[in-house]
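Peer 1: Quick one: the structure is below, and I'll ask about it shortly.
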Amino acid sequence: MTTDTFKKVYTVMPDEIRAVIFEMKSKAEELAVFFATIDSREMEIARTNLEQTIMWATKAWVNLGDKVNAASKCD
């Protein structure tokens, strides 16, 4: 089984999934701006964890898109 570890080929996602990811990242950006109002180590950790949360959530949605694309190819 070959994997694309370094993501040289990007997934073509349905527009609905692309819209969800865009909305999720927009809301995260708003929260990051709010977090930036306090300069502390704890908020730096919160921002880092927010970035990691969005990274994993995006991966979950992209994987869902992969499954949708694979299912549509079987039809």
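Letters for chains follow the order of the structure tokens (A, B, ...), residue numbers begin at 1 for each chain, and ligand numbers begin at 1 in the order shown.
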Give me the residues near Leu31 in chain A as a VMD selection string, where near means some atom within 12 Å (using only C-alpha atoms) and where sequence neighbours in that chain fewer than 4 positions away do not count.
Peer 2: chain A and resid 24 to 27 35 to 37 43 46 to 51 54
Peer 1: Between A:Thr58, A:Glu42, A:Ala32, A:Asn63, which one has atoms that come closest to Ala19 in chain A, using only C-alpha atoms?
Peer 2: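 Nearest candidate to Ala19 in chain A out of A:Thr58, A:Glu42, A:Ala32, A:Asn63: A:Thr58.
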Peer 1: Fewer than 4 positions away in the same chain doesn't count, so skip those; otherwise give me all residues within 8 Å of Val62 in chain A, counting only C-alpha atoms, as a PDB file with C-alpha atoms, in the first residue's frame.
Peer 2:
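To be explicit, this is the file written out as out16.pdb:
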ATOM      1  CA  THR A  11      -7.797  15.753  -2.086  1.00  0.00           C
ATOM      2  CA  MET A  13     -13.259  17.835  -1.729  1.00  0.00           C
ATOM      3  CA  ILE A  17     -16.927  19.845   3.089  1.00  0.00           C
ATOM      4  CA  THR A  58      -9.529  19.507   9.260  1.00  0.00           C
ATOM      5  CA  ASP A  66     -11.885  11.038   0.678  1.00  0.00           C
TER       6      ASP A  66
END
Peer 1: For CA of Arg18 in chain A and CA of Lys59 in chain A, determine how far apart the two atoms are, in Å to one decimal place.
Peer 2: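 Distance between the two atoms: 11.8 Å.
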